[in-house]
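As stored in work.csv (CSV, N, CA and C atoms):
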chain,number,residue,atom,x,y,z
A,1,MET,N,37.3,175.0,58.6
A,1,MET,CA,38.5,175.5,59.3
A,1,MET,C,38.5,177.0,59.5
A,2,SER,N,38.1,177.7,58.4
A,2,SER,CA,38.1,179.1,58.5
A,2,SER,C,37.1,179.6,59.6
A,3,SER,N,36.0,178.9,59.7
A,3,SER,CA,35.0,179.3,60.7
A,3,SER,C,35.6,179.2,62.1
A,4,ARG,N,36.4,178.1,62.3
A,4,ARG,CA,37.0,177.9,63.6
A,4,ARG,C,38.1,179.0,63.9
A,5,ARG,N,38.8,179.3,62.8
A,5,ARG,CA,39.9,180.3,62.9
A,5,ARG,C,39.2,181.7,63.3
A,6,SER,N,38.2,182.0,62.6
A,6,SER,CA,37.5,183.3,62.8
A,6,SER,C,36.9,183.4,64.2
A,7,SER,N,36.4,182.3,64.7
A,7,SER,CA,35.8,182.3,66.0
A,7,SER,C,36.8,182.4,67.1
A,8,ARG,N,38.0,182.0,66.9
A,8,ARG,CA,39.1,182.1,67.9
A,8,ARG,C,39.7,183.5,67.8
A,9,SER,N,39.8,184.0,66.6
A,9,SER,CA,40.5,185.3,66.4
A,9,SER,C,39.6,186.5,66.6
A,10,SER,N,40.1,187.5,67.3
A,10,SER,CA,39.4,188.7,67.5
A,10,SER,C,40.1,189.8,66.8
A,11,VAL,N,41.1,189.5,65.9
A,11,VAL,CA,41.9,190.5,65.2
A,11,VAL,C,41.3,190.7,63.9
A,12,SER,N,41.0,192.0,63.6
A,12,SER,CA,40.4,192.3,62.3
A,12,SER,C,41.4,192.3,61.2
A,13,GLU,N,40.9,192.2,60.0
A,13,GLU,CA,41.8,192.2,58.8
A,13,GLU,C,42.6,193.5,58.8
A,14,GLU,N,42.0,194.6,59.1
A,14,GLU,CA,42.6,195.9,59.2
A,14,GLU,C,43.8,195.9,60.2
A,15,GLU,N,43.6,195.3,61.3
A,15,GLU,CA,44.6,195.2,62.3
A,15,GLU,C,45.8,194.3,61.8
A,16,ILE,N,45.4,193.2,61.2
A,16,ILE,CA,46.5,192.3,60.6
A,16,ILE,C,47.3,193.1,59.6
A,17,ASN,N,46.6,193.9,58.7
A,17,ASN,CA,47.4,194.6,57.7
A,17,ASN,C,48.3,195.7,58.3
A,18,GLU,N,47.8,196.3,59.4
A,18,GLU,CA,48.6,197.2,60.2
A,18,GLU,C,49.8,196.6,60.8
A,19,LEU,N,49.6,195.4,61.4
A,19,LEU,CA,50.8,194.7,61.9
A,19,LEU,C,51.8,194.2,60.9
A,20,ILE,N,51.3,193.8,59.7
A,20,ILE,CA,52.2,193.4,58.6
A,20,ILE,C,52.9,194.6,58.1
A,21,SER,N,52.3,195.8,58.1
A,21,SER,CA,53.0,197.0,57.7
A,21,SER,C,54.1,197.4,58.7
A,22,LYS,N,53.8,197.2,60.0
A,22,LYS,CA,54.8,197.5,61.0
A,22,LYS,C,55.9,196.5,60.9
A,23,LEU,N,55.6,195.3,60.7
A,23,LEU,CA,56.7,194.3,60.5
A,23,LEU,C,57.6,194.6,59.3
A,24,GLN,N,56.9,195.0,58.3
A,24,GLN,CA,57.7,195.3,57.0
A,24,GLN,C,58.6,196.4,57.3
A,25,SER,N,58.2,197.4,58.1
A,25,SER,CA,59.1,198.6,58.3
A,25,SER,C,60.3,198.2,59.2
A,26,LEU,N,60.2,197.1,59.9
A,26,LEU,CA,61.3,196.7,60.8
A,26,LEU,C,62.4,196.0,60.0
A,27,LEU,N,62.1,195.4,58.8
A,27,LEU,CA,63.1,194.6,58.1
A,27,LEU,C,63.9,195.5,57.2
A,28,PRO,N,65.2,195.4,57.3
A,28,PRO,CA,66.1,196.2,56.5
A,28,PRO,C,65.8,196.1,55.0
A,29,SER,N,65.6,194.9,54.5
A,29,SER,CA,65.3,194.7,53.1
A,29,SER,C,64.0,195.4,52.7
A,30,SER,N,63.0,195.3,53.5
A,30,SER,CA,61.7,195.9,53.2
A,30,SER,C,61.8,197.4,53.2
A,31,ARG,N,62.6,198.0,54.1
A,31,ARG,CA,62.7,199.5,54.1
A,31,ARG,C,63.3,200.0,52.8
A,32,ARG,N,64.3,199.2,52.3
A,32,ARG,CA,64.9,199.7,51.0
A,32,ARG,C,63.9,199.6,49.8
A,33,ARG,N,63.0,198.7,49.9
A,33,ARG,CA,62.0,198.6,48.9
A,33,ARG,C,61.0,199.7,48.8
A,34,GLY,N,60.9,200.5,49.9
A,34,GLY,CA,60.0,201.6,49.9
A,34,GLY,C,58.6,201.2,50.0
A,35,SER,N,57.7,201.7,49.2
A,35,SER,CA,56.2,201.5,49.4
A,35,SER,C,55.7,200.2,48.7
A,36,ASN,N,56.6,199.4,48.0
A,36,ASN,CA,56.1,198.2,47.4
A,36,ASN,C,55.6,197.2,48.5
A,37,GLN,N,54.4,196.7,48.3
A,37,GLN,CA,53.9,195.8,49.3
A,37,GLN,C,54.3,194.4,48.9
A,38,ALA,N,55.0,193.7,49.8
A,38,ALA,CA,55.4,192.3,49.7
A,38,ALA,C,54.3,191.4,50.1
A,39,SER,N,54.2,190.3,49.5
A,39,SER,CA,53.2,189.3,49.9
A,39,SER,C,53.5,189.0,51.4
A,40,THR,N,52.4,188.6,52.1
A,40,THR,CA,52.6,188.3,53.5
A,40,THR,C,53.5,187.1,53.7
A,41,THR,N,53.4,186.1,52.8
A,41,THR,CA,54.2,184.9,52.9
A,41,THR,C,55.7,185.3,52.8
A,42,LYS,N,56.0,186.1,51.8
A,42,LYS,CA,57.4,186.5,51.5
A,42,LYS,C,57.9,187.3,52.7
A,43,LEU,N,57.0,188.2,53.2
A,43,LEU,CA,57.4,189.0,54.4
A,43,LEU,C,57.7,188.2,55.6
A,44,LEU,N,56.9,187.2,55.8
A,44,LEU,CA,57.2,186.3,57.0
A,44,LEU,C,58.5,185.5,56.8
A,45,LYS,N,58.7,185.0,55.6
A,45,LYS,CA,60.0,184.3,55.3
A,45,LYS,C,61.2,185.2,55.5
A,46,GLU,N,61.1,186.5,55.0
A,46,GLU,CA,62.2,187.5,55.2
A,46,GLU,C,62.4,187.7,56.7
A,47,THR,N,61.3,187.8,57.5
A,47,THR,CA,61.4,188.0,58.9
A,47,THR,C,62.1,186.9,59.6
A,48,CYS,N,61.7,185.7,59.2
A,48,CYS,CA,62.4,184.5,59.8
A,48,CYS,C,63.9,184.5,59.5
A,49,SER,N,64.2,184.8,58.2
A,49,SER,CA,65.6,184.9,57.8
A,49,SER,C,66.4,186.0,58.6
A,50,TYR,N,65.8,187.1,58.7
A,50,TYR,CA,66.4,188.2,59.4
A,50,TYR,C,66.6,187.9,60.9
A,51,ILE,N,65.6,187.2,61.6
A,51,ILE,CA,65.8,186.8,63.0
A,51,ILE,C,66.9,185.8,63.1
A,52,LYS,N,67.0,184.9,62.2
A,52,LYS,CA,68.1,183.9,62.2
A,52,LYS,C,69.4,184.6,62.0
A,53,SER,N,69.5,185.6,61.1
A,53,SER,CA,70.8,186.3,60.9
A,53,SER,C,71.2,187.1,62.2
A,54,LEU,N,70.2,187.6,62.9
A,54,LEU,CA,70.4,188.3,64.1
A,54,LEU,C,70.9,187.4,65.2
A,55,HIS,N,70.4,186.2,65.3
A,55,HIS,CA,70.8,185.2,66.2
A,55,HIS,C,72.3,184.8,65.9
A,56,ARG,N,72.6,184.6,64.6
A,56,ARG,CA,74.0,184.3,64.3
A,56,ARG,C,74.9,185.4,64.7
A,57,GLU,N,74.5,186.6,64.5
A,57,GLU,CA,75.3,187.8,64.8
A,57,GLU,C,75.6,187.9,66.3
A,58,VAL,N,74.5,187.6,67.1
A,58,VAL,CA,74.6,187.6,68.6
A,58,VAL,C,75.6,186.5,69.0
A,59,ASP,N,75.5,185.4,68.4
A,59,ASP,CA,76.4,184.2,68.8
A,59,ASP,C,77.8,184.6,68.5
A,60,ASP,N,78.0,185.2,67.3
A,60,ASP,CA,79.4,185.6,66.9
A,60,ASP,C,79.9,186.6,67.8
A,61,LEU,N,79.2,187.6,68.2
A,61,LEU,CA,79.6,188.7,69.1
A,61,LEU,C,79.9,188.1,70.5
A,62,SER,N,79.0,187.2,70.9
A,62,SER,CA,79.2,186.6,72.2
A,62,SER,C,80.5,185.8,72.2
A,63,ASP,N,80.8,185.0,71.2
A,63,ASP,CA,82.1,184.3,71.1
A,63,ASP,C,83.3,185.2,71.1
A,64,ARG,N,83.2,186.3,70.3
A,64,ARG,CA,84.3,187.3,70.3
A,64,ARG,C,84.5,187.9,71.6
A,65,LEU,N,83.4,188.2,72.3
A,65,LEU,CA,83.5,188.8,73.7
A,65,LEU,C,84.2,187.8,74.6
A,66,SER,N,83.7,186.6,74.6
A,66,SER,CA,84.3,185.6,75.4
A,66,SER,C,85.8,185.4,75.2
A,67,ASP,N,86.2,185.4,73.9
A,67,ASP,CA,87.6,185.3,73.6
A,67,ASP,C,88.4,186.5,74.1
A,68,LEU,N,87.8,187.7,74.0
A,68,LEU,CA,88.5,188.9,74.5
A,68,LEU,C,88.6,188.9,76.0
A,69,MET,N,87.5,188.4,76.7
A,69,MET,CA,87.6,188.4,78.1
A,69,MET,C,88.5,187.3,78.6
A,70,ALA,N,88.7,186.2,77.9
A,70,ALA,CA,89.6,185.1,78.3
A,70,ALA,C,91.0,185.6,78.3
A,71,GLY,N,91.4,186.4,77.4
A,71,GLY,CA,92.7,186.9,77.3
A,71,GLY,C,93.0,188.2,78.1
A,72,MET,N,92.1,188.6,78.9
A,72,MET,CA,92.2,189.8,79.6
A,72,MET,C,92.3,189.6,81.1
A,73,ASP,N,93.1,190.4,81.8
A,73,ASP,CA,93.2,190.4,83.2
A,73,ASP,C,91.8,190.9,83.8
A,74,HIS,N,91.2,190.1,84.6
A,74,HIS,CA,89.8,190.4,85.1
A,74,HIS,C,89.8,191.6,86.0
A,75,ASN,N,90.9,192.1,86.4
A,75,ASN,CA,90.9,193.3,87.3
A,75,ASN,C,91.4,194.5,86.5
A,76,SER,N,91.6,194.4,85.2
A,76,SER,CA,92.1,195.5,84.4
A,76,SER,C,91.0,196.5,84.1
A,77,PRO,N,91.4,197.7,83.8
A,77,PRO,CA,90.4,198.8,83.5
A,77,PRO,C,89.5,198.4,82.3
A,78,GLY,N,90.1,197.7,81.3
A,78,GLY,CA,89.4,197.3,80.1
A,78,GLY,C,88.3,196.3,80.5
A,79,ALA,N,88.6,195.4,81.4
A,79,ALA,CA,87.6,194.4,81.8
A,79,ALA,C,86.5,195.1,82.6
A,80,GLU,N,86.8,196.0,83.4
A,80,GLU,CA,85.8,196.8,84.1
A,80,GLU,C,84.9,197.5,83.2
A,81,ILE,N,85.5,198.1,82.1
A,81,ILE,CA,84.6,198.8,81.1
A,81,ILE,C,83.7,197.9,80.4
A,82,ILE,N,84.2,196.7,80.1
A,82,ILE,CA,83.3,195.7,79.4
A,82,ILE,C,82.2,195.3,80.4
A,83,ARG,N,82.5,195.0,81.6
A,83,ARG,CA,81.5,194.6,82.6
A,83,ARG,C,80.5,195.7,82.7
A,84,SER,N,80.9,197.0,82.8
A,84,SER,CA,79.9,198.1,82.9
A,84,SER,C,79.0,198.2,81.7
A,85,LEU,N,79.5,197.9,80.5
A,85,LEU,CA,78.7,198.0,79.3
A,85,LEU,C,77.7,196.8,79.3
A,86,LEU,N,78.0,195.7,79.9
A,86,LEU,CA,77.1,194.6,79.9
A,86,LEU,C,76.0,194.7,81.0
A,87,ARG,N,76.1,195.6,81.8
A,87,ARG,CA,75.1,195.8,82.9
A,87,ARG,C,73.8,196.4,82.4

Rewrite the coordinates I just gave you, this time as structure tokens.
Amino acid sequence: MSSRRSSRSSVSEEEINELISKLQSLLPSSRRRGSNQASTTKLLKETCSYIKSLHREVDDLSDRLSDLMAGMDHNSPGAEIIRSLLR
């Protein structure tokens, strides 16, 4: 299996390590850790958890915005400000 994987992949181990390092720098929990190297498995699990939390946050903000817009006059200055921010 590893021979199949290596024949399909043109990404070097150095490139993978660089991508993992970049990914680690994007995660809030990894940034706090500083220079400690997390295992790749743990890092990928943290990444998935972080993405899921971002999805939940987007859903929550979308719901809150929908509630706000539902109770607002669509021609009001506040509604126009919100529309301009969403463009």

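Atom pair atom N of Lys45 (chain A) / atom N of Ser62 (chain A): separated by 25.5 Å.
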
Exercise: Leu44 (chain A) partners within 12 Å, only C-alpha atoms, chain neighbours under 6 positions left out, as a ChimeraX atom specification: /A:19-21,23-24,26-27,30,38,50-51

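Using only C-alpha atoms, the shortest contact distance between Ser49 (chain A) and any of A:Ser29, A:Met72, A:Glu13, A:Ile82 is found at A:Ser29.
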
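Shortest separation to Thr47 (chain A) among A:Pro28, A:Ile16, A:Asp63, A:His74 occurs at residue A:Pro28, atoms counted being only C-alpha atoms.
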
Distance in Å - atom N of Met69 (chain A) versus atom N of Arg87 (chain A): 14.4 Å

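For the pair CA of Leu43 (chain A) and CA of His55 (chain A), the interatomic distance is 18.3 Å.
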